[in-house]
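These notes are about the structure you will find just below.
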Amino acid sequence: CWGIHAAGTSSFANVDDYYHRQAEEGKIRYAVSRMGSGSHLMAVVDARSRFGDAAVKRLHFEVVGTLDGARAALRDGTADLFMWEKFTTQPYVDSGEFKRVGECLTPWPCFMMAVTDKAIATSTPELKAMMKIVSEEAAELTLNPASVQTIAKMYKLEEEDVQSWMARTRWSGKPAVSFQMLSQVMSSLADVGVLERAALLQPKDLVSPITVNDMEE
């Protein structure tokens with residue numbers, strides 16, 4: 001889940017309030033790590049889902065490189081909003097440096113597994129075994145009562161925040177991808193100029209021979 005953040009001293013209460021104010025005052029200013037990044041893509045996805053295509057045309061992006069760059073941009077006023085994974089930024093919200101003014105669920109999985117054609121041709125049993133291990137380790141992480149404390153300590157989070165993250169996170173250990181989801185991702189990437197729409201492939205042409213269409217996604 002992505003958090004939409006503003007400076008802790010900002011006067012608007014939520015992202016809707018900010019957009020409505022900017023409707024009269026000017027551009028919607030986002031800090032992004034780089035063009036084509038998740039913070040850039042998700043700002044476009046969120047703007048379109050909340051307010052339509054007209055809002056997307058008013059987006060302005062300040063490239064800041066890193067999380068520290070975004071902190072500086074919100075602090076000095078060169079950007080008004082910044083999207084980042086909500087639990088990573090939780091310490092800054094707790095300290096009052098950031099104000100979380102909204103959230104946006106990622107409409108596709110956060111991570112994928114990619115391999116070479118050679119690996120598929122020569123090591124399919126090993127790849128399937130590796131995915132099975134990932135699934136088993138993820139299940140162990142979820143069930144182990146010490147996981148919450150360990151993650152909280154590693155990332156300086158409150159334990160209740162880690163519990164919330166674990167409750168809403170799912171891991172897949174099977175060679176399956178939703179073709180519908182792939183089409184949605186490609187369309188979104190074309191919207192922000194990362195891909196050329198005319199050059200988009202069919203989902204079936206993007207996956208390995210051992211990968212099936214996950215109809216459950």
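Residues are referred to by chain and number: the chain letter is A, B, ... according to the order shown in the structure tokens, the number counts from 1 in that chain, and ligands are numbered separately from 1 in the order shown.
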
Worksheet item: Do you know which residues are at most 8 Å from Met42 of chain A counting only C-alpha atoms, after dropping those on the same chain fewer than 3 positions away, and could you put them as a PyMOL selection string?
Response: chain A and resi 38-39+45-46+83+104+106

Take the residues that were just selected and, keeping C-alpha atoms, output them as a compact mmCIF listing (two decimals), in the first residue's frame.
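The result, written out as result_12.txt:
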```txt
# COMPACT_ATOMS: atom_id res chain seq x y z
CA GLY A 38 6.86 3.60 -8.75
CA SER A 39 6.42 6.97 -7.04
CA VAL A 45 -2.66 5.95 -11.22
CA ASP A 46 -4.04 7.57 -8.06
CA MET A 83 4.06 8.64 -2.61
CA CYS A 104 -3.44 4.03 -2.65
CA THR A 106 -1.18 -1.04 -5.76
```

Worksheet item: With only C-alpha atoms as the atoms that count, which of A:Ala119, A:Val162, A:Leu201, A:Ala129 lies nearest to Pro145 of chain A?
Response: A:Val162

Backbone-only DSSP, strand (DSSP E) members of chain A, as a PDB file with C-alpha atoms, in the first residue's frame:
```pdb
ATOM      1  CA  TRP A   2       1.357   3.413  -0.971  1.00  0.00           C
ATOM      2  CA  GLY A   3       1.044   6.323   1.405  1.00  0.00           C
ATOM      3  CA  ILE A   4       0.442   9.801   0.031  1.00  0.00           C
ATOM      4  CA  HIS A   5       2.516  12.173   2.137  1.00  0.00           C
ATOM      5  CA  ALA A   6       2.733  15.900   2.673  1.00  0.00           C
ATOM      6  CA  ALA A   7       4.906  18.000   4.934  1.00  0.00           C
ATOM      7  CA  ILE A  28      -0.445  19.348  -8.463  1.00  0.00           C
ATOM      8  CA  ARG A  29       3.182  18.981  -7.379  1.00  0.00           C
ATOM      9  CA  TYR A  30       4.601  15.530  -6.616  1.00  0.00           C
ATOM     10  CA  ALA A  31       8.115  14.598  -5.579  1.00  0.00           C
ATOM     11  CA  VAL A  32       9.236  11.427  -7.409  1.00  0.00           C
ATOM     12  CA  LEU A  59       0.470  16.809 -12.443  1.00  0.00           C
ATOM     13  CA  HIS A  60       3.944  18.304 -12.064  1.00  0.00           C
ATOM     14  CA  PHE A  61       6.890  16.124 -10.988  1.00  0.00           C
ATOM     15  CA  GLU A  62       9.969  17.162  -9.042  1.00  0.00           C
ATOM     16  CA  VAL A  63      12.684  14.490  -9.394  1.00  0.00           C
ATOM     17  CA  LEU A  81       3.049  15.433  -2.146  1.00  0.00           C
ATOM     18  CA  PHE A  82       5.135  12.271  -2.209  1.00  0.00           C
ATOM     19  CA  MET A  83       4.063   8.642  -2.606  1.00  0.00           C
ATOM     20  CA  TRP A  84       6.048   5.863  -0.919  1.00  0.00           C
ATOM     21  CA  GLU A  85       5.350   2.523   0.729  1.00  0.00           C
ATOM     22  CA  PHE A  98       5.328  13.826   7.262  1.00  0.00           C
ATOM     23  CA  LYS A  99       1.556  13.930   7.287  1.00  0.00           C
ATOM     24  CA  ARG A 100      -0.161  10.998   5.558  1.00  0.00           C
ATOM     25  CA  VAL A 101      -3.003  12.557   3.580  1.00  0.00           C
ATOM     26  CA  GLY A 102      -4.134   9.463   1.678  1.00  0.00           C
ATOM     27  CA  GLU A 103      -3.408   5.890   0.645  1.00  0.00           C
ATOM     28  CA  CYS A 104      -3.436   4.026  -2.648  1.00  0.00           C
ATOM     29  CA  ALA A 176       1.232 -18.178 -12.419  1.00  0.00           C
ATOM     30  CA  VAL A 177       0.568 -14.578 -13.473  1.00  0.00           C
ATOM     31  CA  VAL A 212       0.058 -20.072 -16.577  1.00  0.00           C
ATOM     32  CA  ASN A 213      -2.657 -17.436 -16.530  1.00  0.00           C
TER      33      ASN A 213
END
```

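Comparing A:Cys1, A:Ile210, A:Val15, A:Met166 by their smallest distance to Val115 of chain A, the closest is A:Ile210 (using only C-alpha atoms).
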
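Atom CA of Ala70 of chain A sits 19.8 Å away from atom CA of Arg58 of chain A.
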